$ cat data.pdb   # PDB, C-alpha atoms
ATOM      1  CA  MET A 160     -27.123 -25.967  15.399
ATOM      2  CA  PRO A 161     -28.265 -26.118  11.728
ATOM      3  CA  ARG A 162     -26.148 -24.269   9.167
ATOM      4  CA  ARG A 163     -27.448 -20.788   8.429
ATOM      5  CA  SER A 164     -28.687 -20.045   4.946
ATOM      6  CA  PHE A 165     -27.866 -16.898   3.026
ATOM      7  CA  VAL A 166     -29.179 -15.400  -0.189
ATOM      8  CA  SER A 167     -26.875 -14.249  -2.977
ATOM      9  CA  LYS A 168     -24.290 -16.824  -1.935
ATOM     10  CA  GLY A 169     -21.215 -16.795  -4.080
ATOM     11  CA  ILE A 170     -22.379 -13.880  -6.232
ATOM     12  CA  ALA A 171     -19.933 -11.063  -6.815
ATOM     13  CA  ILE A 172     -21.379  -7.579  -6.991
ATOM     14  CA  SER A 173     -19.155  -5.065  -8.689
ATOM     15  CA  VAL A 174     -20.410  -1.568  -8.080
ATOM     16  CA  PHE A 175     -18.219   1.286  -9.220
ATOM     17  CA  CYS A 176     -19.001   4.319  -7.072
ATOM     18  CA  SER A 177     -17.692   7.823  -7.600
ATOM     19  CA  LEU A 178     -17.072  10.555  -5.077
ATOM     20  CA  LEU A 179     -20.330  12.407  -4.660
ATOM     21  CA  SER A 180     -18.935  15.738  -3.571
ATOM     22  CA  ALA A 181     -15.892  17.524  -2.263
ATOM     23  CA  THR A 182     -17.241  17.157   1.287
ATOM     24  CA  PRO A 183     -18.489  13.524   1.514
ATOM     25  CA  ALA A 184     -19.430  13.640   5.205
ATOM     26  CA  GLN A 185     -21.259  16.964   5.049
ATOM     27  CA  GLY A 186     -24.520  16.722   6.959
ATOM     28  CA  MET A 187     -23.793  13.222   8.291
ATOM     29  CA  GLU A 188     -24.206  12.397  11.954
ATOM     30  CA  ARG A 189     -20.835  11.887  13.657
ATOM     31  CA  LEU A 190     -19.859  10.029  16.803
ATOM     32  CA  PRO A 191     -18.995  12.673  19.437
ATOM     33  CA  PHE A 192     -15.316  12.714  20.279
ATOM     34  CA  LYS A 193     -14.754  11.977  23.976
ATOM     35  CA  PRO A 194     -11.181  12.484  25.208
ATOM     36  CA  GLU A 195     -11.931  10.175  28.135
ATOM     37  CA  GLY A 196     -13.361   7.439  25.888
ATOM     38  CA  TYR A 197     -16.691   5.612  26.110
ATOM     39  CA  ASN A 198     -16.812   2.139  27.691
ATOM     40  CA  PHE A 199     -14.088  -0.109  29.079
ATOM     41  CA  TRP A 200     -13.757  -3.873  29.469
ATOM     42  CA  THR A 201     -10.972  -5.708  31.294
ATOM     43  CA  TRP A 202      -9.352  -8.411  29.219
ATOM     44  CA  ARG A 203      -6.428 -10.440  30.566
ATOM     45  CA  GLY A 204      -5.767  -7.647  33.040
ATOM     46  CA  HIS A 205      -5.731  -4.948  30.355
ATOM     47  CA  LYS A 206      -8.203  -2.093  29.871
ATOM     48  CA  ILE A 207      -9.969  -2.305  26.502
ATOM     49  CA  HIS A 208     -11.967   0.615  25.114
ATOM     50  CA  TYR A 209     -15.142   0.178  23.087
ATOM     51  CA  VAL A 210     -18.216   2.031  21.833
ATOM     52  CA  VAL A 211     -21.701   0.535  21.625
ATOM     53  CA  GLN A 212     -24.857   2.020  20.092
ATOM     54  CA  GLY A 213     -28.186   0.815  18.724
ATOM     55  CA  ASN A 214     -30.213  -2.395  18.817
ATOM     56  CA  GLY A 215     -30.598  -5.405  16.578
ATOM     57  CA  THR A 216     -28.177  -7.859  14.985
ATOM     58  CA  PRO A 217     -24.685  -7.037  16.296
ATOM     59  CA  ILE A 218     -21.970  -5.553  14.105
ATOM     60  CA  VAL A 219     -18.404  -5.414  15.441
ATOM     61  CA  LEU A 220     -16.136  -2.781  13.836
ATOM     62  CA  ILE A 221     -12.351  -3.242  14.030
ATOM     63  CA  HIS A 222      -9.996  -0.375  13.163
ATOM     64  CA  GLY A 223      -6.672  -0.439  11.327
ATOM     65  CA  PHE A 224      -3.067   0.189  12.372
ATOM     66  CA  GLY A 225      -2.636   3.348  14.452
ATOM     67  CA  ALA A 226      -6.367   4.109  14.541
ATOM     68  CA  SER A 227      -9.161   3.527  17.076
ATOM     69  CA  ALA A 228     -12.917   3.115  17.426
ATOM     70  CA  PHE A 229     -13.227   6.827  16.604
ATOM     71  CA  HIS A 230     -12.189   6.059  13.023
ATOM     72  CA  TRP A 231     -15.725   4.680  12.571
ATOM     73  CA  ARG A 232     -17.160   8.072  13.548
ATOM     74  CA  TYR A 233     -19.459   8.361  10.505
ATOM     75  CA  ASN A 234     -20.428   4.692  10.391
ATOM     76  CA  ILE A 235     -21.520   4.000  13.963
ATOM     77  CA  PRO A 236     -24.459   6.465  14.132
ATOM     78  CA  GLU A 237     -25.879   5.408  10.738
ATOM     79  CA  LEU A 238     -25.496   1.650  11.246
ATOM     80  CA  ALA A 239     -26.913   1.946  14.779
ATOM     81  CA  LYS A 240     -30.264   2.960  13.304
ATOM     82  CA  LYS A 241     -30.806  -0.677  12.289
ATOM     83  CA  TYR A 242     -28.198  -2.711  14.147
ATOM     84  CA  LYS A 243     -26.417  -2.943  17.480
ATOM     85  CA  VAL A 244     -22.978  -1.567  16.672
ATOM     86  CA  TYR A 245     -19.794  -2.192  18.622
ATOM     87  CA  ALA A 246     -16.409  -0.657  17.839
ATOM     88  CA  LEU A 247     -13.433  -1.667  19.955
ATOM     89  CA  ASP A 248      -9.826  -0.554  20.238
ATOM     90  CA  LEU A 249      -7.343  -3.353  19.731
ATOM     91  CA  LEU A 250      -4.815  -3.858  22.511
ATOM     92  CA  GLY A 251      -1.921  -1.449  21.986
ATOM     93  CA  PHE A 252      -4.034   1.073  20.070
ATOM     94  CA  GLY A 253      -6.451   3.904  20.726
ATOM     95  CA  TRP A 254      -7.847   4.176  24.254
ATOM     96  CA  SER A 255      -6.970   0.559  25.094
ATOM     97  CA  ASP A 256      -3.923  -0.200  27.250
ATOM     98  CA  LYS A 257      -0.482  -0.037  25.678
ATOM     99  CA  ALA A 258       0.543  -3.431  26.994
ATOM    100  CA  VAL A 259       4.239  -4.319  26.845
ATOM    101  CA  ILE A 260       3.842  -7.802  25.385
ATOM    102  CA  GLU A 261       4.981  -9.715  22.319
ATOM    103  CA  TYR A 262       2.374  -8.696  19.735
ATOM    104  CA  ASP A 263       1.106 -11.296  17.333
ATOM    105  CA  ALA A 264      -2.014 -11.668  15.197
ATOM    106  CA  ILE A 265      -3.213 -14.299  17.670
ATOM    107  CA  VAL A 266      -3.372 -11.667  20.438
ATOM    108  CA  TRP A 267      -5.929  -9.570  18.546
ATOM    109  CA  ARG A 268      -7.802 -12.633  17.311
ATOM    110  CA  ASP A 269      -8.185 -13.816  20.896
ATOM    111  CA  GLN A 270      -9.174 -10.321  22.036
ATOM    112  CA  VAL A 271     -11.964 -10.048  19.464
ATOM    113  CA  SER A 272     -13.096 -13.627  20.122
ATOM    114  CA  ASP A 273     -13.361 -12.986  23.862
ATOM    115  CA  PHE A 274     -15.046  -9.626  23.240
ATOM    116  CA  MET A 275     -17.753 -11.420  21.264
ATOM    117  CA  LYS A 276     -18.185 -14.050  23.970
ATOM    118  CA  GLU A 277     -18.139 -11.716  26.990
ATOM    119  CA  ILE A 278     -19.568  -8.415  25.697
ATOM    120  CA  VAL A 279     -21.518  -9.064  22.470
ATOM    121  CA  ARG A 280     -22.722 -12.510  23.620
ATOM    122  CA  GLU A 281     -24.442 -13.464  20.366
ATOM    123  CA  PRO A 282     -23.397 -14.137  16.756
ATOM    124  CA  ALA A 283     -22.367 -11.010  14.898
ATOM    125  CA  ILE A 284     -21.145  -9.453  11.665
ATOM    126  CA  LEU A 285     -17.423  -8.629  11.759
ATOM    127  CA  VAL A 286     -16.169  -5.561   9.868
ATOM    128  CA  GLY A 287     -12.502  -4.580   9.669
ATOM    129  CA  ASN A 288     -10.239  -2.116   7.891
ATOM    130  CA  SER A 289      -6.569  -2.801   7.114
ATOM    131  CA  LEU A 290      -5.035  -4.563  10.156
ATOM    132  CA  GLY A 291      -8.540  -4.772  11.599
ATOM    133  CA  GLY A 292      -9.662  -6.547   8.450
ATOM    134  CA  PHE A 293      -7.013  -9.213   8.886
ATOM    135  CA  THR A 294      -7.986  -9.545  12.557
ATOM    136  CA  ALA A 295     -11.653  -9.921  11.585
ATOM    137  CA  LEU A 296     -10.763 -12.608   9.024
ATOM    138  CA  PHE A 297      -8.599 -14.480  11.540
ATOM    139  CA  THR A 298     -11.441 -14.387  14.074
ATOM    140  CA  ALA A 299     -14.115 -15.460  11.571
ATOM    141  CA  ALA A 300     -11.961 -18.382  10.427
ATOM    142  CA  GLU A 301     -11.792 -19.674  14.006
ATOM    143  CA  LEU A 302     -15.355 -18.877  15.188
ATOM    144  CA  GLU A 303     -17.553 -20.409  12.503
ATOM    145  CA  GLN A 304     -20.774 -20.470  14.530
ATOM    146  CA  GLN A 305     -20.376 -16.998  16.021
ATOM    147  CA  VAL A 306     -19.742 -15.006  12.819
ATOM    148  CA  LEU A 307     -22.765 -14.372  10.586
ATOM    149  CA  GLY A 308     -20.817 -12.515   7.922
ATOM    150  CA  LEU A 309     -17.489 -10.824   7.299
ATOM    151  CA  VAL A 310     -16.725  -7.431   5.733
ATOM    152  CA  LEU A 311     -13.187  -6.402   4.776
ATOM    153  CA  LEU A 312     -12.152  -2.886   3.793
ATOM    154  CA  ASN A 313      -8.703  -2.818   2.166
ATOM    155  CA  SER A 314      -7.539  -5.596   4.422
ATOM    156  CA  ALA A 315      -3.964  -6.272   5.448
ATOM    157  CA  GLY A 316      -2.476  -9.717   4.958
ATOM    158  CA  GLN A 317      -0.596 -11.589   2.271
ATOM    159  CA  PHE A 318      -1.149 -14.713   0.240
ATOM    160  CA  GLY A 319       1.333 -17.487   0.865
ATOM    161  CA  SER A 320       4.212 -18.140  -1.528
ATOM    162  CA  PRO A 321       4.647 -21.805  -2.548
ATOM    163  CA  SER A 322       8.351 -21.187  -3.078
ATOM    164  CA  ALA A 323       8.935 -19.792   0.436
ATOM    165  CA  GLN A 324      11.326 -22.117   2.235
ATOM    166  CA  ASN A 325      13.455 -21.895   5.328
ATOM    167  CA  THR A 326      16.977 -22.417   4.069
ATOM    168  CA  ASN A 327      18.829 -21.365   7.235
ATOM    169  CA  THR A 328      21.446 -23.837   8.380
ATOM    170  CA  GLU A 329      22.124 -24.463  12.068
ATOM    171  CA  GLU A 330      25.313 -22.386  11.787
ATOM    172  CA  GLN A 331      23.419 -19.478  10.208
ATOM    173  CA  SER A 332      20.796 -19.651  12.979
ATOM    174  CA  ILE A 333      23.468 -19.401  15.696
ATOM    175  CA  ILE A 334      25.110 -16.415  13.980
ATOM    176  CA  ASN A 335      21.743 -14.699  13.628
ATOM    177  CA  LYS A 336      20.784 -15.344  17.239
ATOM    178  CA  PHE A 337      23.969 -14.226  18.958
ATOM    179  CA  ILE A 338      25.527 -11.674  16.591
ATOM    180  CA  ILE A 339      23.300 -10.279  13.864
ATOM    181  CA  ASN A 340      19.976 -10.057  15.738
ATOM    182  CA  PRO A 341      21.297  -8.210  18.855
ATOM    183  CA  VAL A 342      23.083  -5.624  16.698
ATOM    184  CA  LYS A 343      20.037  -5.248  14.479
ATOM    185  CA  GLU A 344      17.768  -4.753  17.504
ATOM    186  CA  VAL A 345      19.919  -1.902  18.853
ATOM    187  CA  LEU A 346      19.849  -0.150  15.483
ATOM    188  CA  GLN A 347      16.112  -0.737  15.124
ATOM    189  CA  ARG A 348      15.435   0.813  18.528
ATOM    190  CA  ILE A 349      17.415   3.939  17.676
ATOM    191  CA  ILE A 350      15.780   4.360  14.290
ATOM    192  CA  LEU A 351      12.248   3.490  15.372
ATOM    193  CA  SER A 352      12.423   5.746  18.431
ATOM    194  CA  PHE A 353      13.067   8.677  16.125
ATOM    195  CA  VAL A 354      10.410   7.525  13.659
ATOM    196  CA  PHE A 355       7.850   7.218  16.470
ATOM    197  CA  TRP A 356       8.634  10.693  17.787
ATOM    198  CA  GLN A 357       8.253  12.093  14.281
ATOM    199  CA  SER A 358       5.156  10.068  13.401
ATOM    200  CA  LYS A 359       3.151  11.271  16.416
ATOM    201  CA  GLN A 360       3.493  14.934  15.460
ATOM    202  CA  PRO A 361       0.105  16.288  14.268
ATOM    203  CA  ALA A 362       1.549  17.757  11.064
ATOM    204  CA  ARG A 363       3.197  14.447  10.191
ATOM    205  CA  ILE A 364       0.008  12.472  10.877
ATOM    206  CA  GLU A 365      -2.008  14.833   8.710
ATOM    207  CA  SER A 366       0.545  14.502   5.925
ATOM    208  CA  VAL A 367       0.449  10.686   6.001
ATOM    209  CA  LEU A 368      -3.350  10.623   6.077
ATOM    210  CA  LYS A 369      -3.498  12.852   3.031
ATOM    211  CA  THR A 370      -1.458  10.311   1.080
ATOM    212  CA  VAL A 371      -4.025   7.544   1.694
ATOM    213  CA  TYR A 372      -7.226   9.635   1.497
ATOM    214  CA  ILE A 373      -7.926  10.514  -2.138
ATOM    215  CA  ASN A 374     -10.498  13.083  -1.033
ATOM    216  CA  THR A 375      -8.885  14.747   1.987
ATOM    217  CA  SER A 376     -11.981  16.616   3.213
ATOM    218  CA  ASN A 377     -12.300  14.332   6.220
ATOM    219  CA  VAL A 378      -8.667  14.667   7.278
ATOM    220  CA  ASP A 379      -9.601  17.081  10.051
ATOM    221  CA  ASP A 380      -8.738  17.949  13.641
ATOM    222  CA  TYR A 381     -11.055  15.235  14.994
ATOM    223  CA  LEU A 382      -9.257  12.517  13.034
ATOM    224  CA  VAL A 383      -5.776  13.808  13.813
ATOM    225  CA  GLU A 384      -6.513  14.120  17.549
ATOM    226  CA  SER A 385      -7.935  10.588  17.660
ATOM    227  CA  ILE A 386      -4.490   9.388  16.549
ATOM    228  CA  THR A 387      -2.183  11.801  18.405
ATOM    229  CA  LYS A 388      -3.833  11.470  21.834
ATOM    230  CA  PRO A 389      -3.154   7.719  22.288
ATOM    231  CA  ALA A 390       0.420   8.243  21.050
ATOM    232  CA  GLY A 391       1.082  10.178  24.251
ATOM    233  CA  ASP A 392       0.159   7.246  26.502
ATOM    234  CA  PRO A 393       2.848   5.615  28.684
ATOM    235  CA  ASN A 394       4.510   2.724  26.831
ATOM    236  CA  ALA A 395       3.160   3.915  23.458
ATOM    237  CA  GLY A 396       6.717   4.178  22.122
ATOM    238  CA  GLU A 397       7.622   0.672  23.273
ATOM    239  CA  VAL A 398       4.452  -0.746  21.735
ATOM    240  CA  TYR A 399       5.257   1.018  18.461
ATOM    241  CA  TYR A 400       8.730  -0.518  18.482
ATOM    242  CA  ARG A 401       7.407  -4.010  19.129
ATOM    243  CA  LEU A 402       4.777  -3.682  16.422
ATOM    244  CA  MET A 403       7.124  -2.330  13.783
ATOM    245  CA  ALA A 404      10.214  -4.396  14.567
ATOM    246  CA  ARG A 405       8.589  -7.728  15.276
ATOM    247  CA  PHE A 406       4.992  -8.022  14.150
ATOM    248  CA  MET A 407       4.947  -5.898  10.981
ATOM    249  CA  THR A 408       8.122  -7.523   9.629
ATOM    250  CA  ASN A 409       6.732 -11.058  10.074
ATOM    251  CA  GLN A 410       3.298 -10.959   8.465
ATOM    252  CA  THR A 411       3.844 -14.136   6.464
ATOM    253  CA  LYS A 412       3.263 -16.310   9.523
ATOM    254  CA  TYR A 413      -0.491 -16.315   8.887
ATOM    255  CA  THR A 414      -1.551 -16.066   5.233
ATOM    256  CA  LEU A 415      -4.797 -14.984   3.618
ATOM    257  CA  ASP A 416      -5.215 -18.286   1.790
ATOM    258  CA  SER A 417      -4.763 -20.341   4.967
ATOM    259  CA  LEU A 418      -7.469 -18.304   6.725
ATOM    260  CA  LEU A 419      -9.854 -18.083   3.761
ATOM    261  CA  SER A 420      -9.708 -21.865   3.443
ATOM    262  CA  LYS A 421     -11.299 -22.092   6.919
ATOM    263  CA  LEU A 422     -13.970 -19.450   6.282
ATOM    264  CA  SER A 423     -17.618 -20.500   5.909
ATOM    265  CA  CYS A 424     -19.671 -17.275   6.095
ATOM    266  CA  PRO A 425     -20.515 -14.767   3.336
ATOM    267  CA  LEU A 426     -17.779 -12.227   2.637
ATOM    268  CA  LEU A 427     -18.167  -8.630   1.457
ATOM    269  CA  LEU A 428     -15.207  -6.624   0.181
ATOM    270  CA  LEU A 429     -15.647  -2.839   0.306
ATOM    271  CA  TRP A 430     -12.514  -1.819  -1.543
ATOM    272  CA  GLY A 431     -10.952   1.577  -2.094
ATOM    273  CA  ASP A 432      -9.514   1.024  -5.563
ATOM    274  CA  LEU A 433      -7.248   4.083  -5.363
ATOM    275  CA  ASP A 434      -5.438   2.875  -2.238
ATOM    276  CA  PRO A 435      -1.684   3.483  -2.707
ATOM    277  CA  TRP A 436      -0.913   0.620  -0.309
ATOM    278  CA  VAL A 437      -3.444  -2.115  -1.101
ATOM    279  CA  GLY A 438      -4.699  -2.135  -4.687
ATOM    280  CA  PRO A 439      -7.844  -3.733  -6.153
ATOM    281  CA  GLY A 440      -5.835  -6.728  -7.337
ATOM    282  CA  LYS A 441      -5.924  -8.165  -3.825
ATOM    283  CA  ALA A 442      -9.722  -7.968  -3.719
ATOM    284  CA  ALA A 443      -9.958  -9.803  -7.046
ATOM    285  CA  ARG A 444      -7.603 -12.490  -5.796
ATOM    286  CA  ILE A 445      -9.598 -12.953  -2.578
ATOM    287  CA  LYS A 446     -12.771 -13.352  -4.652
ATOM    288  CA  GLU A 447     -11.038 -15.896  -6.880
ATOM    289  CA  PHE A 448      -9.886 -17.919  -3.868
ATOM    290  CA  TYR A 449     -13.171 -17.608  -1.918
ATOM    291  CA  PRO A 450     -16.156 -17.524  -4.348
ATOM    292  CA  ASN A 451     -18.749 -16.724  -1.650
ATOM    293  CA  THR A 452     -17.624 -13.106  -1.950
ATOM    294  CA  SER A 453     -19.344  -9.901  -3.017
ATOM    295  CA  ILE A 454     -17.215  -6.946  -4.120
ATOM    296  CA  VAL A 455     -18.045  -3.245  -4.057
ATOM    297  CA  ASN A 456     -15.355  -1.119  -5.695
ATOM    298  CA  LEU A 457     -15.084   2.449  -4.442
ATOM    299  CA  LYS A 458     -13.154   5.405  -5.791
ATOM    300  CA  ALA A 459     -11.395   5.970  -2.485
ATOM    301  CA  GLY A 460      -8.120   5.296  -0.710
ATOM    302  CA  HIS A 461      -7.064   3.035   2.155
ATOM    303  CA  CYS A 462      -9.864   4.040   4.565
ATOM    304  CA  PRO A 463     -13.074   4.143   2.498
ATOM    305  CA  HIS A 464     -15.295   3.950   5.591
ATOM    306  CA  ASP A 465     -14.068   7.399   6.662
ATOM    307  CA  GLU A 466     -13.366   8.915   3.257
ATOM    308  CA  VAL A 467     -16.696   8.026   1.607
ATOM    309  CA  PRO A 468     -18.764   6.891   4.621
ATOM    310  CA  GLU A 469     -22.135   7.402   2.945
ATOM    311  CA  LEU A 470     -21.178   4.968   0.173
ATOM    312  CA  VAL A 471     -19.753   2.419   2.585
ATOM    313  CA  ASN A 472     -22.777   2.652   4.905
ATOM    314  CA  GLY A 473     -25.177   2.224   1.999
ATOM    315  CA  ALA A 474     -23.339  -0.727   0.469
ATOM    316  CA  LEU A 475     -22.963  -2.432   3.844
ATOM    317  CA  ILE A 476     -26.631  -2.011   4.764
ATOM    318  CA  ASP A 477     -27.729  -3.291   1.331
ATOM    319  CA  TRP A 478     -25.556  -6.384   1.711
ATOM    320  CA  LEU A 479     -26.745  -7.031   5.261
ATOM    321  CA  SER A 480     -30.354  -6.737   4.105
ATOM    322  CA  SER A 481     -29.712  -9.481   1.528
ATOM    323  CA  LEU A 482     -28.604 -11.960   4.189
ATOM    324  CA  GLN A 483     -31.061 -14.266   5.917
ATOM    325  CA  LEU A 484     -29.701 -13.815   9.406
ATOM    326  CA  ASN A 485     -30.728 -16.517  11.855
ATOM    327  CA  PRO A 486     -28.536 -15.881  14.929
ATOM    328  CA  ALA A 487     -27.802 -18.755  17.245
ATOM    329  CA  PRO A 488     -29.393 -18.715  20.715
ATOM    330  CA  LEU A 489     -27.292 -17.100  23.423
ATOM    331  CA  HIS A 490     -26.393 -20.409  25.096
ATOM    332  CA  THR A 491     -24.573 -21.684  21.977
ATOM    333  CA  LEU A 492     -21.693 -19.223  22.461
TER     334      LEU A 492
END

$ encode --input "data.pdb" --output "structure tokens"
Amino acid sequence: MPRRSFVSKGIAISVFCSLLSATPAQGMERLPFKPEGYNFWTWRGHKIHYVVQGNGTPIVLIHGFGASAFHWRYNIPELAKKYKVYALDLLGFGWSDKAVIEYDAIVWRDQVSDFMKEIVREPAILVGNSLGGFTALFTAAELEQQVLGLVLLNSAGQFGSPSAQNTNTEEQSIINKFIINPVKEVLQRIILSFVFWQSKQPARIESVLKTVYINTSNVDDYLVESITKPAGDPNAGEVYYRLMARFMTNQTKYTLDSLLSKLSCPLLLLWGDLDPWVGPGKAARIKEFYPNTSIVNLKAGHCPHDEVPELVNGALIDWLSSLQLNPAPLHTL
């Protein structure tokens, strides 16, 4: 298959957008909230939830930590006017199964890869926020011919440290394995069990959301329920423990630079510059490492797609319109 060509390759676009009003989503079409979910796909024996709307070039939306496909509530209806939009729940989150497995970035990469092959079945644009952004990047780095473009919104992930070395001796490893780690795991379970119970309370969720949304107008009952409902699923507590104790504390295993070095498609960064967790410096560093990047800076927090959806939708559609998309035939997947 010949390499696809794109316009505006390697050009950075820096657009500083301000909040348009105190109620950014007022009058916007919103994905109806369905307590039972929308569509389900079986992957490796697990039930995976997803939403699909529209026709045209596929866009796959991937949510962040603790969220679900419903977090794209203001993006799906608008994007579906021009594109075929999919939004899926990662395993362990949302309406997907809370599988008791060892979670690793590879699990979600494989899930998204198989979702594209079995459900989407043609090359697509990948869009991800936070943890979903890192998952989208990991997938795009491995599926060169199936990803037409990549969009990251305040993505998770870290750059590698040249000075990072494993200095553990064999004696230290034995002590860690048989003494320190078992004691630490017991303490982690006690602490994280309490944290999980506290974190799934609606008032607590609303409070946390209001720290990462600069304009809190969209921190509403819909959003809070889309997070609290999955937290009541069987095994949700165990999944939370595994994510926090094992995956979230070992994010240096796969670095941004190692994945960006494998990337070949155009990259768009839609970045909430007022994010208290992931500042604009990361976006600038990504652009420096991977020149085929366009940047749109937004006056928003960690979840710009839900905080200022009209700005995100507009910037995304403008960028997509600038690409010369020549999808591969179905049989190439």

$ closest_residue --input "data.pdb" --among "A:Cys462, A:Val306, A:Leu457, A:Ile221" --to "Arg280 in chain A" --atoms "all atoms listed in the file"
A:Val306

$ atom_distance --input "data.pdb" --atom1 "CA of Val378 in chain A" --atom2 "CA of His208 in chain A"
22.9 Å

$ closest_residue --input "data.pdb" --among "A:Tyr413, A:Ile364, A:His464, A:Phe229" --to "Leu311 in chain A" --atoms "only C-alpha atoms"
A:His464

$ resolve_selection --input "data.pdb" --expression "the PyMOL selection byres ((chain A and resi 224) around 9)" --output "MDAnalysis selection string"
chainID A and resid 222:223 225:227 252 288:291

$ resolve_selection --input "data.pdb" --expression "the PyMOL selection byres ((chain A and resi 237-250) around 6)" --output "list of chain:residue names"
A:His208, A:Tyr209, A:Val210, A:Val211, A:Gln212, A:Gly213, A:Asn214, A:Gly215, A:Thr216, A:Pro217, A:Ile218, A:Val219, A:Leu220, A:Ser227, A:Ala228, A:Asn234, A:Ile235, A:Pro236, A:Gly251, A:Phe252, A:Gly253, A:Ser255

$ atom_distance --input "data.pdb" --atom1 "CA of Gly287 in chain A" --atom2 "CA of Val471 in chain A"
12.3 Å

$ closest_residue --input "data.pdb" --among "A:Phe448, A:Gly204, A:Gln360, A:Leu307" --to "Pro389 in chain A" --atoms "all atoms listed in the file"
A:Gln360

$ atom_distance --input "data.pdb" --atom1 "CA of Val259 in chain A" --atom2 "CA of Ser314 in chain A"
25.4 Å

$ closest_residue --input "data.pdb" --among "A:Ala459, A:Ala299, A:Leu426, A:Ile260" --to "Lys369 in chain A" --atoms "only C-alpha atoms"
A:Ala459

$ resolve_selection --input "data.pdb" --expression "the PyMOL selection byres ((chain A and resi 468) around 9)" --output "PyMOL selection string"
chain A and resi 183-184+187+231+233-234+463-467+469-473

$ axis_aligned_box --input "data.pdb" --around "range 445-449 of chain A" --padding-each-side "3 Å" --output "JSON"
{"center_x": -11.4, "center_y": -15.4, "center_z": -4.4, "size_x": 9.6, "size_y": 11.0, "size_z": 11.0}

$ closest_residue --input "data.pdb" --among "A:Pro425, A:Pro361, A:Pro282, A:Pro393" --to "Ser481 in chain A" --atoms "all atoms listed in the file"
A:Pro425

$ residues_around --input "data.pdb" --residues "Val367 in chain A" --least-positions-apart "4" --cutoff "12 Å" --atoms "all atoms listed in the file" --output "list in words"
Gly225, Gln357, Ser358, Lys359, Gln360, Pro361, Ala362, Arg363, Val371, Tyr372, Ile373, Thr375, Val378, Val383, Ile386, Pro435, Trp436 and His461 of chain A

$ closest_residue --input "data.pdb" --among "A:Ile284, A:Ala300, A:Leu422, A:Leu190" --to "Leu482 in chain A" --atoms "all atoms listed in the file"
A:Ile284

$ build_atoms --input "data.pdb" --residues "range 292-302 of chain A" --atoms "N, CA, C and O atoms" --output "PDB file, in the frame of the given file"
ATOM      1  N   GLY A 292      -9.068  -5.601   9.384  1.00  0.00           N
ATOM      2  CA  GLY A 292      -9.662  -6.547   8.450  1.00  0.00           C
ATOM      3  C   GLY A 292      -9.029  -7.919   8.593  1.00  0.00           C
ATOM      4  O   GLY A 292      -9.708  -8.947   8.618  1.00  0.00           O
ATOM      5  N   PHE A 293      -7.701  -7.935   8.708  1.00  0.00           N
ATOM      6  CA  PHE A 293      -7.013  -9.213   8.886  1.00  0.00           C
ATOM      7  C   PHE A 293      -7.414  -9.852  10.208  1.00  0.00           C
ATOM      8  O   PHE A 293      -7.619 -11.065  10.293  1.00  0.00           O
ATOM      9  N   THR A 294      -7.555  -9.031  11.253  1.00  0.00           N
ATOM     10  CA  THR A 294      -7.986  -9.545  12.557  1.00  0.00           C
ATOM     11  C   THR A 294      -9.395 -10.120  12.468  1.00  0.00           C
ATOM     12  O   THR A 294      -9.680 -11.179  13.044  1.00  0.00           O
ATOM     13  N   ALA A 295     -10.282  -9.432  11.753  1.00  0.00           N
ATOM     14  CA  ALA A 295     -11.653  -9.921  11.585  1.00  0.00           C
ATOM     15  C   ALA A 295     -11.662 -11.250  10.832  1.00  0.00           C
ATOM     16  O   ALA A 295     -12.402 -12.181  11.194  1.00  0.00           O
ATOM     17  N   LEU A 296     -10.850 -11.364   9.791  1.00  0.00           N
ATOM     18  CA  LEU A 296     -10.763 -12.608   9.024  1.00  0.00           C
ATOM     19  C   LEU A 296     -10.238 -13.741   9.892  1.00  0.00           C
ATOM     20  O   LEU A 296     -10.770 -14.855   9.880  1.00  0.00           O
ATOM     21  N   PHE A 297      -9.193 -13.475  10.660  1.00  0.00           N
ATOM     22  CA  PHE A 297      -8.599 -14.480  11.540  1.00  0.00           C
ATOM     23  C   PHE A 297      -9.642 -14.962  12.551  1.00  0.00           C
ATOM     24  O   PHE A 297      -9.767 -16.159  12.819  1.00  0.00           O
ATOM     25  N   THR A 298     -10.415 -14.033  13.097  1.00  0.00           N
ATOM     26  CA  THR A 298     -11.441 -14.387  14.074  1.00  0.00           C
ATOM     27  C   THR A 298     -12.552 -15.204  13.429  1.00  0.00           C
ATOM     28  O   THR A 298     -12.986 -16.228  13.978  1.00  0.00           O
ATOM     29  N   ALA A 299     -13.022 -14.760  12.260  1.00  0.00           N
ATOM     30  CA  ALA A 299     -14.115 -15.460  11.571  1.00  0.00           C
ATOM     31  C   ALA A 299     -13.713 -16.876  11.174  1.00  0.00           C
ATOM     32  O   ALA A 299     -14.540 -17.798  11.196  1.00  0.00           O
ATOM     33  N   ALA A 300     -12.438 -17.059  10.820  1.00  0.00           N
ATOM     34  CA  ALA A 300     -11.961 -18.382  10.427  1.00  0.00           C
ATOM     35  C   ALA A 300     -11.968 -19.361  11.595  1.00  0.00           C
ATOM     36  O   ALA A 300     -12.094 -20.576  11.400  1.00  0.00           O
ATOM     37  N   GLU A 301     -11.853 -18.820  12.817  1.00  0.00           N
ATOM     38  CA  GLU A 301     -11.792 -19.674  14.006  1.00  0.00           C
ATOM     39  C   GLU A 301     -13.144 -19.813  14.707  1.00  0.00           C
ATOM     40  O   GLU A 301     -13.353 -20.762  15.457  1.00  0.00           O
ATOM     41  N   LEU A 302     -14.065 -18.868  14.489  1.00  0.00           N
ATOM     42  CA  LEU A 302     -15.355 -18.877  15.188  1.00  0.00           C
ATOM     43  C   LEU A 302     -16.499 -19.035  14.188  1.00  0.00           C
ATOM     44  O   LEU A 302     -17.289 -18.126  13.966  1.00  0.00           O
TER      45      LEU A 302
END
